[in-house]
Amino acid sequence: MTFRRDHSATYLAGLLARNLARALQERARALGFAPGQFPVLLELWSEEGLTQKQLVDRLDVEQATLANTLSRMERDGLVERRPHPNDRRAQLIFLTERARGMEEQAKKAAEDADAAELAGLRQFERELMIEYMRVAIERGQQK
C-alpha cells in the first residue's frame, strides 16, 4: 500500500490547521493577540473568573502549555490573575478591559480567516465540511 498525502486526513488536517492559523495570525496581529490565545479568549469571553485548571479541562491542553500562554497574555495586557477567595493555591483568570473590548473584532477576524481560506467552497460545502470536522473531533474525544 502506497501512502498518499493527498488522501490522508491526518496530513491534510495539519495543512489546513496551519493555513487557518496563518490567516488568523495576519488578522490577529493588528488586534494584539496570537492565534494560540484565541481559544483562551473565547472561553473567557464566555465565562470569566475561571481557574487555570478549569481552562486546561475546557480547552483540552497541557497545563504547562496553558501556563505559558497565560503568562504571555498577562504580559500583553489581555488577562489578569486574581487570588481565589477559597483556595490560596489557585488563581482566577479575568480579561482586561482591552481584551473585553476586542471581542467583536477578534471573532470577526476569525470569521474572515475562515472565509479567506474556504473561499473556493460553496456555503453548503463549508457547512458540510465543518459538520464532518465536528463529528471527527467528537469521536476522537470519546476514545
# chains A, B, ... in the order shown; residues from 1 in each chain; ligands from 1

$ select_by_dssp --residues "chain A" --states "alpha helix (DSSP H)" --output "ChimeraX atom specification"
/A:9-31,38-46,52-59,63-75,97-101,103-117,123-142

$ closest_residue --among "A:Arg22, A:Lys53, A:His84, A:Arg27" --to "Ala106 (chain A)" --atoms "only C-alpha atoms"
A:Arg27

$ closest_residue --among "A:Leu31, A:Leu12, A:Val56, A:Val61" --to "Gly101 (chain A)" --atoms "only C-alpha atoms"
A:Leu31

$ select_by_dssp --residues "chain A" --states "strand (DSSP E)" --output "MDAnalysis selection string"
chainID A and resid 50:51 79:83 91:95

$ write_last_selection --atoms "N, CA, C and O atoms" --output "short mmCIF file (atom, residue, chain, number, x, y, z; two decimals), in the first residue's frame"
data_model
loop_
_atom_site.label_atom_id
_atom_site.label_comp_id
_atom_site.auth_asym_id
_atom_site.auth_seq_id
_atom_site.Cartn_x
_atom_site.Cartn_y
_atom_site.Cartn_z
N LEU A 50 -12.34 31.94 35.71
CA LEU A 50 -12.04 30.52 35.74
C LEU A 50 -10.65 30.30 36.32
O LEU A 50 -9.79 31.18 36.22
N THR A 51 -10.44 29.14 36.89
CA THR A 51 -9.10 28.78 37.34
C THR A 51 -8.32 28.24 36.13
O THR A 51 -8.91 27.87 35.12
N VAL A 79 -5.02 39.46 30.03
CA VAL A 79 -5.63 38.82 31.19
C VAL A 79 -4.94 39.29 32.46
O VAL A 79 -3.80 39.80 32.42
N GLU A 80 -5.65 39.10 33.56
CA GLU A 80 -5.04 39.33 34.87
C GLU A 80 -5.45 38.19 35.78
O GLU A 80 -6.53 37.61 35.64
N ARG A 81 -4.55 37.85 36.67
CA ARG A 81 -4.79 36.77 37.62
C ARG A 81 -5.13 37.41 38.97
O ARG A 81 -4.49 38.37 39.38
N ARG A 82 -6.14 36.82 39.60
CA ARG A 82 -6.54 37.31 40.93
C ARG A 82 -6.58 36.11 41.88
O ARG A 82 -6.89 34.99 41.46
N PRO A 83 -6.30 36.36 43.14
CA PRO A 83 -6.33 35.25 44.10
C PRO A 83 -7.72 34.62 44.18
O PRO A 83 -8.74 35.32 44.11
N GLN A 91 -5.55 30.61 41.33
CA GLN A 91 -5.81 31.97 40.90
C GLN A 91 -6.95 31.94 39.89
O GLN A 91 -7.13 30.96 39.17
N LEU A 92 -7.70 33.02 39.86
CA LEU A 92 -8.79 33.16 38.90
C LEU A 92 -8.30 34.04 37.75
O LEU A 92 -7.58 35.02 37.97
N ILE A 93 -8.70 33.69 36.55
CA ILE A 93 -8.25 34.40 35.35
C ILE A 93 -9.39 35.29 34.85
O ILE A 93 -10.50 34.82 34.63
N PHE A 94 -9.06 36.56 34.70
CA PHE A 94 -10.03 37.54 34.21
C PHE A 94 -9.45 38.27 33.00
O PHE A 94 -8.24 38.46 32.89
N LEU A 95 -10.33 38.69 32.11
CA LEU A 95 -9.93 39.51 30.98
C LEU A 95 -9.69 40.94 31.44
O LEU A 95 -10.34 41.42 32.38
#

$ closest_residue --among "A:Ala64, A:Leu15, A:Ala119, A:Leu59" --to "Phe38 (chain A)" --atoms "only C-alpha atoms"
A:Leu59
